[in-house]
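Data file: data.pdb. Format and content: PDB, C-alpha atoms.
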MODEL        1
ATOM      1  CA  MET A  28     -24.028  22.908  34.083
ATOM      2  CA  ASN A  29     -24.709  19.218  33.632
ATOM      3  CA  ILE A  30     -23.966  17.011  30.665
ATOM      4  CA  LEU A  31     -24.754  13.340  30.090
ATOM      5  CA  LEU A  32     -21.405  11.538  29.899
ATOM      6  CA  ASN A  33     -21.604   7.870  28.875
ATOM      7  CA  GLY A  34     -25.187   7.868  30.133
ATOM      8  CA  GLN A  35     -24.369   9.421  33.530
ATOM      9  CA  GLU A  36     -24.952  12.985  34.719
ATOM     10  CA  LYS A  37     -21.724  14.909  35.064
ATOM     11  CA  GLU A  38     -21.190  18.455  36.226
ATOM     12  CA  CYS A  39     -18.771  20.582  34.275
ATOM     13  CA  THR A  40     -17.806  24.246  33.970
ATOM     14  CA  ASP A  41     -20.033  26.446  31.806
ATOM     15  CA  GLY A  42     -18.644  26.855  28.316
ATOM     16  CA  SER A  43     -15.953  24.208  28.688
ATOM     17  CA  THR A  44     -14.752  22.386  25.600
ATOM     18  CA  VAL A  45     -14.407  18.700  24.812
ATOM     19  CA  LEU A  46     -10.642  19.082  25.157
ATOM     20  CA  GLU A  47     -11.069  20.495  28.668
ATOM     21  CA  LEU A  48     -13.458  17.686  29.548
ATOM     22  CA  LEU A  49     -10.881  15.104  28.424
ATOM     23  CA  ALA A  50      -8.178  16.861  30.468
ATOM     24  CA  SER A  51     -10.397  16.853  33.566
ATOM     25  CA  LEU A  52     -10.896  13.101  33.078
ATOM     26  CA  LYS A  53      -7.117  12.632  32.589
ATOM     27  CA  LEU A  54      -7.700  11.110  29.149
ATOM     28  CA  THR A  55      -5.257  11.374  26.245
ATOM     29  CA  PRO A  56      -7.119  13.080  23.359
ATOM     30  CA  GLU A  57      -5.498  10.857  20.704
ATOM     31  CA  SER A  58      -6.499   7.621  22.465
ATOM     32  CA  VAL A  59     -10.228   8.209  22.701
ATOM     33  CA  VAL A  60     -13.205   8.359  20.383
ATOM     34  CA  VAL A  61     -15.657  11.134  21.259
ATOM     35  CA  GLU A  62     -19.272  11.314  20.187
ATOM     36  CA  HIS A  63     -20.832  14.709  20.909
ATOM     37  CA  ASN A  64     -24.621  14.827  20.506
ATOM     38  CA  HIS A  65     -24.490  11.753  18.220
ATOM     39  CA  GLU A  66     -21.702  13.103  16.040
ATOM     40  CA  ILE A  67     -18.220  11.565  16.002
ATOM     41  CA  LEU A  68     -15.650  14.320  16.442
ATOM     42  CA  GLN A  69     -12.262  14.427  14.777
ATOM     43  CA  PRO A  70      -9.514  15.123  17.356
ATOM     44  CA  GLU A  71      -8.723  18.505  15.796
ATOM     45  CA  ALA A  72     -12.288  19.596  16.632
ATOM     46  CA  TYR A  73     -11.911  18.976  20.396
ATOM     47  CA  THR A  74     -10.581  22.486  21.087
ATOM     48  CA  ALA A  75     -13.489  24.242  19.403
ATOM     49  CA  ALA A  76     -16.274  21.893  20.524
ATOM     50  CA  GLU A  77     -18.056  23.708  23.363
ATOM     51  CA  LEU A  78     -20.333  21.813  25.686
ATOM     52  CA  ALA A  79     -23.811  23.038  26.568
ATOM     53  CA  GLU A  80     -26.362  22.051  29.200
ATOM     54  CA  ASN A  81     -27.755  18.527  28.689
ATOM     55  CA  ASP A  82     -25.325  17.694  25.894
ATOM     56  CA  GLN A  83     -24.779  13.991  25.360
ATOM     57  CA  VAL A  84     -21.166  12.907  25.252
ATOM     58  CA  GLU A  85     -19.911   9.351  24.743
ATOM     59  CA  ILE A  86     -16.222   8.685  25.266
ATOM     60  CA  ILE A  87     -14.618   5.392  24.311
ATOM     61  CA  ARG A  88     -11.128   5.043  25.718
ATOM     62  CA  PHE A  89      -8.432   2.755  24.364
ATOM     63  CA  VAL A  90      -5.363   1.510  26.207
ATOM     64  CA  GLY A  91      -2.340   0.255  24.289
ATOM     65  CA  GLY A  92      -1.461  -3.389  23.694
ATOM     66  CA  GLY A  93      -2.237  -6.001  21.100
TER
ATOM     67  CA  MET B  17     -26.275 -42.806  -1.517
ATOM     68  CA  ILE B  18     -23.046 -42.763   0.490
ATOM     69  CA  HIS B  19     -20.688 -39.775   0.599
ATOM     70  CA  ILE B  20     -17.026 -40.709   0.243
ATOM     71  CA  ASN B  21     -14.606 -37.782   0.498
ATOM     72  CA  GLU B  22     -17.576 -35.563  -0.387
ATOM     73  CA  GLN B  23     -18.288 -37.423  -3.630
ATOM     74  CA  GLN B  24     -21.757 -38.958  -3.805
ATOM     75  CA  VAL B  25     -21.519 -42.673  -4.515
ATOM     76  CA  SER B  26     -24.568 -44.686  -5.541
ATOM     77  CA  LEU B  27     -24.450 -47.819  -3.413
ATOM     78  CA  SER B  28     -27.187 -49.810  -1.745
ATOM     79  CA  GLY B  29     -26.973 -52.195   1.204
ATOM     80  CA  GLU B  30     -24.170 -52.358   3.734
ATOM     81  CA  HIS B  31     -20.488 -52.064   2.947
ATOM     82  CA  SER B  32     -17.395 -52.345   5.068
ATOM     83  CA  ILE B  33     -14.917 -49.495   5.257
ATOM     84  CA  ALA B  34     -12.191 -51.892   4.057
ATOM     85  CA  GLU B  35     -14.188 -52.687   0.920
ATOM     86  CA  LEU B  36     -14.953 -49.030   0.120
ATOM     87  CA  ALA B  37     -11.426 -47.850   0.871
ATOM     88  CA  GLU B  38     -10.000 -50.491  -1.452
ATOM     89  CA  LYS B  39     -12.246 -49.212  -4.210
ATOM     90  CA  PHE B  40     -12.125 -45.412  -3.692
ATOM     91  CA  LYS B  41      -8.830 -44.611  -1.928
ATOM     92  CA  PRO B  42      -6.627 -47.699  -1.664
ATOM     93  CA  ASP B  43      -3.720 -46.036   0.179
ATOM     94  CA  SER B  44      -5.868 -44.484   2.922
ATOM     95  CA  ASP B  45      -5.153 -45.401   6.538
ATOM     96  CA  ILE B  46      -7.485 -43.100   8.536
ATOM     97  CA  PHE B  47     -11.247 -43.492   8.279
ATOM     98  CA  ILE B  48     -13.845 -41.007   9.503
ATOM     99  CA  VAL B  49     -17.511 -41.942   9.447
ATOM    100  CA  ASN B  50     -20.077 -39.235  10.175
ATOM    101  CA  GLY B  51     -17.423 -37.113  11.865
ATOM    102  CA  TYR B  52     -15.960 -39.867  14.080
ATOM    103  CA  PRO B  53     -12.930 -42.127  13.604
ATOM    104  CA  ALA B  54     -13.842 -45.666  12.542
ATOM    105  CA  ASP B  55     -11.968 -48.906  11.834
ATOM    106  CA  ARG B  56     -11.807 -51.061   8.698
ATOM    107  CA  LEU B  57     -14.530 -53.429   9.897
ATOM    108  CA  THR B  58     -17.155 -50.705  10.417
ATOM    109  CA  THR B  59     -20.062 -51.043   8.033
ATOM    110  CA  VAL B  60     -21.769 -48.093   6.406
ATOM    111  CA  SER B  61     -24.993 -47.724   4.471
ATOM    112  CA  ASP B  62     -27.289 -45.208   2.807
ATOM    113  CA  GLY B  63     -26.866 -41.647   4.154
ATOM    114  CA  ASP B  64     -23.467 -42.138   5.812
ATOM    115  CA  ARG B  65     -20.604 -39.730   5.164
ATOM    116  CA  CYS B  66     -17.119 -41.204   4.977
ATOM    117  CA  VAL B  67     -13.768 -39.471   4.755
ATOM    118  CA  PHE B  68     -10.738 -41.599   3.859
ATOM    119  CA  ILE B  69      -7.365 -40.046   4.540
ATOM    120  CA  LYS B  70      -3.776 -41.018   3.956
ATOM    121  CA  LYS B  71      -1.599 -39.917   6.902
ATOM    122  CA  GLY B  72       0.614 -36.970   6.035
ATOM    123  CA  GLU B  73      -1.009 -36.336   2.666
ATOM    124  CA  THR B  74      -2.469 -32.890   1.971
ATOM    125  CA  PRO B  75      -6.119 -33.428   1.075
ATOM    126  CA  ALA B  76      -7.552 -32.072  -2.182
ATOM    127  CA  PRO B  77      -9.378 -28.726  -1.810
ATOM    128  CA  GLU B  78     -12.811 -30.349  -2.092
ATOM    129  CA  GLU B  79     -11.870 -32.995   0.499
ATOM    130  CA  PHE B  80     -10.666 -30.304   2.885
ATOM    131  CA  GLN B  81     -13.840 -28.267   2.418
ATOM    132  CA  ALA B  82     -15.839 -31.463   2.955
ATOM    133  CA  MET B  83     -14.073 -32.186   6.227
ATOM    134  CA  LEU B  84     -14.769 -28.667   7.461
ATOM    135  CA  THR B  85     -18.392 -28.948   6.370
ATOM    136  CA  ALA B  86     -18.740 -32.273   8.186
ATOM    137  CA  ARG B  87     -17.288 -30.691  11.329
ATOM    138  CA  HIS B  88     -19.205 -27.421  11.187
ATOM    139  CA  THR B  89     -22.456 -28.484   9.452
ATOM    140  CA  PRO B  90     -23.168 -27.447   5.851
ATOM    141  CA  GLY B  91     -25.159 -24.205   6.294
ATOM    142  CA  ILE B  92     -22.609 -22.831   8.734
ATOM    143  CA  GLN B  93     -19.595 -23.689   6.597
ATOM    144  CA  GLU B  94     -21.140 -21.999   3.574
ATOM    145  CA  LYS B  95     -21.420 -18.752   5.545
ATOM    146  CA  ILE B  96     -17.851 -19.063   6.829
ATOM    147  CA  ARG B  97     -16.575 -19.761   3.318
ATOM    148  CA  LYS B  98     -18.203 -16.612   1.942
ATOM    149  CA  ALA B  99     -16.995 -14.213   4.647
ATOM    150  CA  ARG B 100     -14.416 -11.491   4.080
ATOM    151  CA  VAL B 101     -12.553 -10.473   7.216
ATOM    152  CA  ALA B 102      -9.764  -7.935   7.725
ATOM    153  CA  VAL B 103      -7.223  -8.340  10.525
ATOM    154  CA  LEU B 104      -5.411  -5.064  11.279
ATOM    155  CA  GLY B 105      -2.145  -5.567  13.107
ATOM    156  CA  LEU B 106      -0.529  -9.025  13.178
ATOM    157  CA  GLY B 107       0.845  -9.116  16.721
ATOM    158  CA  GLY B 108      -0.335 -11.152  19.679
ATOM    159  CA  LEU B 109      -3.982 -10.521  18.908
ATOM    160  CA  GLY B 110      -3.932 -10.438  15.116
ATOM    161  CA  SER B 111      -1.763 -13.500  14.522
ATOM    162  CA  ALA B 112      -3.965 -15.575  16.870
ATOM    163  CA  VAL B 113      -7.231 -14.237  15.400
ATOM    164  CA  ALA B 114      -5.987 -15.067  11.897
ATOM    165  CA  ALA B 115      -4.931 -18.584  12.942
ATOM    166  CA  ALA B 116      -8.350 -19.330  14.467
ATOM    167  CA  LEU B 117     -10.149 -18.019  11.373
ATOM    168  CA  ALA B 118      -7.803 -19.906   9.034
ATOM    169  CA  LYS B 119      -8.534 -23.184  10.804
ATOM    170  CA  ILE B 120     -12.295 -22.837  10.395
ATOM    171  CA  GLY B 121     -11.855 -22.052   6.690
ATOM    172  CA  ILE B 122     -12.804 -18.378   6.493
ATOM    173  CA  GLY B 123     -13.377 -17.322   2.890
ATOM    174  CA  LYS B 124     -11.005 -14.424   2.522
ATOM    175  CA  MET B 125      -8.682 -12.653   4.921
ATOM    176  CA  LEU B 126      -6.971  -9.312   4.457
ATOM    177  CA  LEU B 127      -3.888  -9.287   6.668
ATOM    178  CA  SER B 128      -2.321  -5.941   7.457
ATOM    179  CA  ASP B 129       1.013  -5.112   9.100
ATOM    180  CA  TYR B 130       4.178  -3.279   8.014
ATOM    181  CA  ASP B 131       6.508  -4.641  10.701
ATOM    182  CA  VAL B 132       8.936  -7.568  10.832
ATOM    183  CA  VAL B 133       9.038 -10.462  13.303
ATOM    184  CA  GLU B 134      11.300  -9.584  16.246
ATOM    185  CA  PRO B 135      12.611 -11.861  19.015
ATOM    186  CA  SER B 136      10.511  -9.971  21.606
ATOM    187  CA  ASN B 137       7.330 -10.911  19.699
ATOM    188  CA  LEU B 138       7.746 -14.631  20.183
ATOM    189  CA  ASN B 139       6.384 -14.716  23.767
ATOM    190  CA  ARG B 140       2.882 -14.355  22.360
ATOM    191  CA  GLN B 141       2.718 -14.157  18.590
ATOM    192  CA  GLN B 142       2.152 -17.037  16.183
ATOM    193  CA  TYR B 143       5.602 -16.993  14.555
ATOM    194  CA  PHE B 144       8.685 -19.193  14.724
ATOM    195  CA  THR B 145      12.295 -18.359  15.607
ATOM    196  CA  ASP B 146      13.428 -19.007  12.040
ATOM    197  CA  GLN B 147      11.030 -16.263  10.875
ATOM    198  CA  ILE B 148      12.765 -13.455  12.794
ATOM    199  CA  GLY B 149      13.344 -10.548  10.413
ATOM    200  CA  MET B 150      10.580 -11.569   7.977
ATOM    201  CA  LEU B 151       7.650  -9.244   7.348
ATOM    202  CA  LYS B 152       4.834 -10.430   9.622
ATOM    203  CA  THR B 153       2.452 -10.555   6.674
ATOM    204  CA  ARG B 154       4.730 -13.003   4.812
ATOM    205  CA  ALA B 155       5.566 -15.093   7.877
ATOM    206  CA  LEU B 156       1.914 -15.372   8.882
ATOM    207  CA  ARG B 157       0.842 -16.261   5.356
ATOM    208  CA  GLU B 158       3.390 -19.078   5.385
ATOM    209  CA  ASN B 159       2.079 -20.358   8.734
ATOM    210  CA  LEU B 160      -1.624 -20.025   7.903
ATOM    211  CA  LEU B 161      -1.193 -21.881   4.620
ATOM    212  CA  ARG B 162       0.342 -24.777   6.523
ATOM    213  CA  MET B 163      -2.827 -24.898   8.649
ATOM    214  CA  ASN B 164      -5.182 -24.538   5.711
ATOM    215  CA  PRO B 165      -3.656 -24.564   2.209
ATOM    216  CA  PHE B 166      -6.864 -23.358   0.562
ATOM    217  CA  LEU B 167      -7.165 -19.899   2.085
ATOM    218  CA  THR B 168      -7.454 -16.732   0.064
ATOM    219  CA  LEU B 169      -5.195 -14.131   1.648
ATOM    220  CA  GLU B 170      -4.469 -10.546   0.710
ATOM    221  CA  LEU B 171      -1.494  -8.825   2.315
ATOM    222  CA  ILE B 172      -1.386  -5.100   3.066
ATOM    223  CA  GLU B 173       2.141  -4.096   3.993
ATOM    224  CA  GLU B 174       2.024  -0.347   4.416
ATOM    225  CA  GLU B 175       1.577   1.791   7.492
ATOM    226  CA  LEU B 176      -2.115   2.631   7.709
ATOM    227  CA  THR B 177      -3.672   5.933   8.731
ATOM    228  CA  GLU B 178      -7.196   6.946   9.723
ATOM    229  CA  ASN B 179      -7.668   8.347   6.214
ATOM    230  CA  SER B 180      -6.235   5.413   4.280
ATOM    231  CA  LEU B 181      -8.191   2.698   6.111
ATOM    232  CA  PRO B 182     -11.455   2.905   4.085
ATOM    233  CA  SER B 183      -9.717   2.447   0.729
ATOM    234  CA  PHE B 184      -8.484  -0.990   1.859
ATOM    235  CA  PHE B 185     -11.316  -2.218   4.031
ATOM    236  CA  HIS B 186     -14.609  -0.564   3.011
ATOM    237  CA  ASP B 187     -16.020  -3.780   1.528
ATOM    238  CA  VAL B 188     -15.104  -6.387   4.145
ATOM    239  CA  ASP B 189     -17.811  -7.961   6.301
ATOM    240  CA  VAL B 190     -15.908  -7.650   9.562
ATOM    241  CA  LEU B 191     -12.854  -5.618  10.518
ATOM    242  CA  VAL B 192     -10.875  -6.898  13.512
ATOM    243  CA  GLU B 193      -8.740  -4.198  15.115
ATOM    244  CA  CYS B 194      -5.612  -5.777  16.614
ATOM    245  CA  PHE B 195      -3.257  -2.790  16.722
ATOM    246  CA  ASP B 196      -0.834  -2.197  19.574
ATOM    247  CA  SER B 197      -1.079   1.599  19.592
ATOM    248  CA  SER B 198      -3.995   3.193  21.429
ATOM    249  CA  GLN B 199      -3.951   6.060  18.917
ATOM    250  CA  MET B 200      -4.410   3.695  15.973
ATOM    251  CA  LYS B 201      -7.125   1.835  17.866
ATOM    252  CA  ALA B 202      -9.069   5.074  18.344
ATOM    253  CA  ALA B 203      -8.404   6.184  14.763
ATOM    254  CA  THR B 204      -9.715   2.870  13.442
ATOM    255  CA  LEU B 205     -12.984   3.063  15.364
ATOM    256  CA  ARG B 206     -13.496   6.667  14.197
ATOM    257  CA  SER B 207     -12.858   5.628  10.631
ATOM    258  CA  VAL B 208     -15.279   2.691  10.858
ATOM    259  CA  LEU B 209     -18.018   4.805  12.460
ATOM    260  CA  THR B 210     -17.772   7.703  10.041
ATOM    261  CA  ARG B 211     -16.536   6.236   6.757
ATOM    262  CA  MET B 212     -17.127   2.469   6.622
ATOM    263  CA  THR B 213     -20.816   2.340   7.267
ATOM    264  CA  LYS B 214     -21.401  -1.292   6.281
ATOM    265  CA  VAL B 215     -18.386  -2.803   7.993
ATOM    266  CA  SER B 216     -18.835  -4.547  11.335
ATOM    267  CA  TYR B 217     -16.046  -3.939  13.822
ATOM    268  CA  ILE B 218     -14.425  -5.838  16.665
ATOM    269  CA  GLY B 219     -11.933  -3.682  18.540
ATOM    270  CA  SER B 220      -9.701  -4.376  21.507
ATOM    271  CA  SER B 221      -8.589  -2.556  24.626
ATOM    272  CA  GLY B 222      -6.950  -3.951  27.759
ATOM    273  CA  MET B 223      -5.426  -7.445  27.751
ATOM    274  CA  ALA B 224      -1.876  -7.068  29.130
ATOM    275  CA  GLY B 225      -0.502  -8.919  32.156
ATOM    276  CA  TYR B 226      -2.060 -11.856  33.949
ATOM    277  CA  ALA B 227      -5.146 -10.461  35.675
ATOM    278  CA  SER B 228      -8.234 -12.654  35.821
ATOM    279  CA  ASN B 229      -9.343 -14.552  32.738
ATOM    280  CA  ASN B 230     -12.874 -13.479  33.381
ATOM    281  CA  SER B 231     -12.349  -9.748  33.290
ATOM    282  CA  ILE B 232     -11.849  -9.983  29.521
ATOM    283  CA  VAL B 233     -15.294  -9.405  28.011
ATOM    284  CA  THR B 234     -16.940  -8.680  24.660
ATOM    285  CA  LYS B 235     -19.184  -5.621  24.808
ATOM    286  CA  MET B 236     -21.532  -4.252  22.175
ATOM    287  CA  LEU B 237     -21.230  -0.478  21.715
ATOM    288  CA  GLN B 238     -23.958  -0.487  19.080
ATOM    289  CA  PRO B 239     -25.180  -3.168  16.664
ATOM    290  CA  GLY B 240     -22.200  -4.402  14.690
ATOM    291  CA  ILE B 241     -19.657  -2.516  16.812
ATOM    292  CA  TYR B 242     -17.998  -4.605  19.533
ATOM    293  CA  MET B 243     -15.091  -4.157  21.925
ATOM    294  CA  VAL B 244     -13.017  -6.896  23.550
ATOM    295  CA  GLY B 245     -10.826  -6.567  26.641
ATOM    296  CA  ASP B 246     -10.958  -5.417  30.249
ATOM    297  CA  ASP B 247     -10.729  -1.682  29.349
ATOM    298  CA  ILE B 248      -7.839  -1.027  31.742
ATOM    299  CA  SER B 249      -4.889  -3.439  31.407
ATOM    300  CA  GLU B 250      -2.539  -1.328  29.365
ATOM    301  CA  ALA B 251       0.758  -2.705  28.079
ATOM    302  CA  ARG B 252       3.491  -0.949  30.084
ATOM    303  CA  PRO B 253       6.705  -1.755  31.959
ATOM    304  CA  GLY B 254       5.769  -4.221  34.697
ATOM    305  CA  GLN B 255       2.617  -5.304  32.853
ATOM    306  CA  GLY B 256       3.687  -6.855  29.593
ATOM    307  CA  LEU B 257       1.687  -8.606  26.915
ATOM    308  CA  MET B 258       1.796 -12.376  27.372
ATOM    309  CA  ALA B 259       0.468 -15.219  25.247
ATOM    310  CA  PRO B 260      -2.201 -16.572  27.615
ATOM    311  CA  ARG B 261      -4.234 -13.434  28.280
ATOM    312  CA  VAL B 262      -3.671 -11.888  24.847
ATOM    313  CA  GLY B 263      -4.828 -15.235  23.492
ATOM    314  CA  ILE B 264      -8.038 -15.033  25.516
ATOM    315  CA  ALA B 265      -8.792 -11.624  24.025
ATOM    316  CA  ALA B 266      -7.837 -12.779  20.510
ATOM    317  CA  HIS B 267     -10.206 -15.714  20.716
ATOM    318  CA  HIS B 268     -12.981 -13.479  22.020
ATOM    319  CA  GLN B 269     -12.445 -11.471  18.843
ATOM    320  CA  ALA B 270     -12.304 -14.536  16.585
ATOM    321  CA  ASN B 271     -15.445 -16.040  18.101
ATOM    322  CA  GLN B 272     -17.220 -12.711  17.731
ATOM    323  CA  VAL B 273     -16.307 -12.731  14.025
ATOM    324  CA  LEU B 274     -17.848 -16.187  13.779
ATOM    325  CA  ARG B 275     -20.980 -15.133  15.672
ATOM    326  CA  LEU B 276     -21.494 -12.222  13.289
ATOM    327  CA  ILE B 277     -20.875 -14.341  10.208
ATOM    328  CA  VAL B 278     -23.345 -17.060  11.152
ATOM    329  CA  GLY B 279     -25.933 -14.473  12.217
ATOM    330  CA  GLU B 280     -25.928 -15.108  15.979
ATOM    331  CA  GLU B 281     -25.383 -11.413  16.641
ATOM    332  CA  GLU B 282     -26.231  -8.247  14.797
ATOM    333  CA  ARG B 283     -23.992  -6.959  12.075
ATOM    334  CA  ARG B 284     -23.733  -3.316  11.133
ATOM    335  CA  ARG B 285     -26.934  -1.518  10.227
ATOM    336  CA  ASP B 286     -26.759   1.613   8.126
ATOM    337  CA  GLU B 287     -29.206   3.628  10.219
ATOM    338  CA  HIS B 288     -26.867   3.419  13.204
ATOM    339  CA  THR B 289     -24.003   5.135  11.488
ATOM    340  CA  ALA B 290     -23.051   8.611  12.511
TER
ENDMDL
END

Would you kindly transcribe this structure into C-alpha cells?
Amino acid sequence: MNILLNGQEKECTDGSTVLELLASLKLTPESVVVEHNHEILQPEAYTAAELAENDQVEIIRFVGGG
Amino acid sequence: MIHINEQQVSLSGEHSIAELAEKFKPDSDIFIVNGYPADRLTTVSDGDRCVFIKKGETPAPEEFQAMLTARHTPGIQEKIRKARVAVLGLGGLGSAVAAALAKIGIGKMLLSDYDVVEPSNLNRQQYFTDQIGMLKTRALRENLLRMNPFLTLELIEEELTENSLPSFFHDVDVLVECFDSSQMKAATLRSVLTRMTKVSYIGSSGMAGYASNNSIVTKMLQPGIYMVGDDISEARPGQGLMAPRVGIAAHHQANQVLRLIVGEEERRRDEHTA
C-alpha cells in the first residue's frame, strides 16, 4: 500500500504501524514528532497506530545539540 | 519642540549642543543627534532628537528606552517592549538568543534551565570563567542585566517535561526551543502543537560542527511554527558544538522572534492547531 509521507508517496507493508514505519526509516521514536492524518501522536501510541492506504503522515525529526 | 533625553523641551530657533548640554545635562560628554554622534558645536532646532550621555554612567530607564526607540523607530520598539518570550535551555543557542533579545529591549523573558555553568560550556555559551558552578539562569540574568538593566526576567530552574511545559509557557507570545536533547526538542514541539495553541514556536535542529554557514535555514512548518538549523548536523564525538555555527542558528532564532513580534511573519493561528 501507499501512504503520503511528508508530502511524498511511500510504499509500505499492509497493516504496518507508525512504530514500524519509524524503524524502517531508521528514526528514533523519541526524537521525532509524528502527525498521522492531521493528528499529533503521543509516542506511546506509535505501536498501536496502524497505517492504511493513502494515510497522510508527517514526520519531523530532531537531532541533538543546542 | 526639541527632544532631549526623551523629554520634550519647548525651544524655538537654533541652539548649539554645548548650550543645551550645559542647561540639561552639564556633565555629559557624548552627544547623539537624531541617532548619530555629534560634537558640541552642532546646532539643533525644532524636531531634532538629542541624547546626552555621560561616559560610564548607567542611563535612567526612560533614557535607555528612548535610545532604543531612536535606534529602532517608535512603533517597532513599542511592539518589542510588549513582547513576552520564553527561552528553553540556556546553552549555546539559548544564552545567545537571550543576549540578542536583551539588547533590543524585549519586554519580558522567561529563562529556563536547571543546569550549572561548566568549563566545557565556555566554547560557545555566553558565560564567564568566574561563573563556573553557578546556575545558568542566575549567571545569565547577571550578564543580561549588565547589557540592559531594565529587563524583566523570570527564571525557571526545574527540569521540564512535556506535561509540565504548558503550565509555565502557555501565555507567552513566542517560545524559543534551545534544548540540547533531541527528545526534549520533540517533546516541546508536541506540547506546543497540542496544548499551547496560541504560542508561536521557533525550534532548532542541526547546528553542530563547522559545515557551511548557508546550510542553516529557518523553515516554516505551519504559520507560527518555525524550525532553525540544517536538519542533520547532530552534536556527536568528532562534530562538536562550537560558538560560530551555534551562534548563526541562535541569531536565526532571535531574528525570527523579532520578525514575529513586529508582524513581518505570521504568528500562531488557532485554526491550525491539531

Distance limit 10 Å, atoms considered: all atoms listed in the file. Which chain A residues sit that close to chain B? Return them as a VMD selection string.
chain A and resid 55 to 62 65 to 70 87 to 93

Output file for the residues above (C-alpha atoms, as a PDB file, in the frame of the given file):
ATOM      1  CA  THR A  55      -5.257  11.374  26.245  1.00  0.00           C
ATOM      2  CA  PRO A  56      -7.119  13.080  23.359  1.00  0.00           C
ATOM      3  CA  GLU A  57      -5.498  10.857  20.704  1.00  0.00           C
ATOM      4  CA  SER A  58      -6.499   7.621  22.465  1.00  0.00           C
ATOM      5  CA  VAL A  59     -10.228   8.209  22.701  1.00  0.00           C
ATOM      6  CA  VAL A  60     -13.205   8.359  20.383  1.00  0.00           C
ATOM      7  CA  VAL A  61     -15.657  11.134  21.259  1.00  0.00           C
ATOM      8  CA  GLU A  62     -19.272  11.314  20.187  1.00  0.00           C
ATOM      9  CA  HIS A  65     -24.490  11.753  18.220  1.00  0.00           C
ATOM     10  CA  GLU A  66     -21.702  13.103  16.040  1.00  0.00           C
ATOM     11  CA  ILE A  67     -18.220  11.565  16.002  1.00  0.00           C
ATOM     12  CA  LEU A  68     -15.650  14.320  16.442  1.00  0.00           C
ATOM     13  CA  GLN A  69     -12.262  14.427  14.777  1.00  0.00           C
ATOM     14  CA  PRO A  70      -9.514  15.123  17.356  1.00  0.00           C
ATOM     15  CA  ILE A  87     -14.618   5.392  24.311  1.00  0.00           C
ATOM     16  CA  ARG A  88     -11.128   5.043  25.718  1.00  0.00           C
ATOM     17  CA  PHE A  89      -8.432   2.755  24.364  1.00  0.00           C
ATOM     18  CA  VAL A  90      -5.363   1.510  26.207  1.00  0.00           C
ATOM     19  CA  GLY A  91      -2.340   0.255  24.289  1.00  0.00           C
ATOM     20  CA  GLY A  92      -1.461  -3.389  23.694  1.00  0.00           C
ATOM     21  CA  GLY A  93      -2.237  -6.001  21.100  1.00  0.00           C
TER      22      GLY A  93
END

Excluding region 48-56 of chain B and its own-chain neighbours fewer than 6 positions away, which residues fall within 7 Å of it when counting only C-alpha atoms? Please give them as a VMD selection string.
chain B and resid 32 to 34 64 to 68 86 to 87

List the neighbours of region 115-120 of chain B out to 10 Å using all atoms listed in the file; skip same-chain residues closer than 3 positions along the sequence, and give me the result as a ChimeraX atom specification.
/B:81,84-85,87-88,93,96-97,101,110-112,123-125,142,156-157,159-169,266-267,269-271,273-274

Have a look at B:Gln238, B:Ser180, B:Asn21, B:Asn229 and name the one nearest to Lys41 (chain B); count only C-alpha atoms.
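Counting only C-alpha atoms, the residue closest to Lys41 (chain B) is B:Asn21.
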
Please measure the separation of CA of Phe80 (chain B) and CA of Ala114 (chain B), giving the value in Å to one decimal.
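Computing the Euclidean distance for CA of Phe80 (chain B) and CA of Ala114 (chain B) yields 18.3 Å.
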
Provide the CA of Gly91 (chain B) to CA of Gly279 (chain B) distance in Å, to one decimal place.
11.4 Å

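Residue nearest Asp41 (chain A) within the list A:Leu54, A:Asn81, A:Asn64, A:Thr74: A:Asn81 [criterion: smallest interatomic distance, only C-alpha atoms].
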
When you draw a straight line from CA of Phe184 (chain B) to CA of Ile86 (chain A), how long is it in Å?
26.5 Å

For Tyr130 (chain B), list every protein, DNA or RNA residue within 7 Å, evaluated using all atoms listed in the file, and leave out those in the same chain fewer than 3 positions away; present the list as a PyMOL selection string.
chain B and resi 151+173-175

Selection dump of the PyMOL selection byres ((chain A and resi 39) around 7), as JSON, numbers by chain:
{"A": [28, 29, 37, 38, 40, 41]}

Please return region 112-120 of chain B, rebuilt to N, CA and C atoms, as a compact mmCIF listing (two decimals), keeping the file's coordinate frame.
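This went into result.txt:
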# COMPACT_ATOMS: atom_id res chain seq x y z
N ALA B 112 -3.12 -14.51 16.29
CA ALA B 112 -3.96 -15.58 16.87
C ALA B 112 -5.38 -15.55 16.28
N VAL B 113 -5.91 -14.35 16.05
CA VAL B 113 -7.23 -14.24 15.40
C VAL B 113 -7.17 -14.89 14.02
N ALA B 114 -6.12 -14.54 13.27
CA ALA B 114 -5.99 -15.07 11.90
C ALA B 114 -5.85 -16.58 11.90
N ALA B 115 -5.10 -17.12 12.88
CA ALA B 115 -4.93 -18.58 12.94
C ALA B 115 -6.27 -19.27 13.21
N ALA B 116 -7.05 -18.72 14.15
CA ALA B 116 -8.35 -19.33 14.47
C ALA B 116 -9.27 -19.28 13.25
N LEU B 117 -9.26 -18.16 12.54
CA LEU B 117 -10.15 -18.02 11.37
C LEU B 117 -9.67 -18.89 10.21
N ALA B 118 -8.35 -19.04 10.08
CA ALA B 118 -7.80 -19.91 9.03
C ALA B 118 -8.25 -21.35 9.26
N LYS B 119 -8.20 -21.79 10.49
CA LYS B 119 -8.53 -23.18 10.80
C LYS B 119 -9.99 -23.51 10.49
N ILE B 120 -10.89 -22.54 10.69
CA ILE B 120 -12.30 -22.84 10.40
C ILE B 120 -12.62 -22.60 8.93
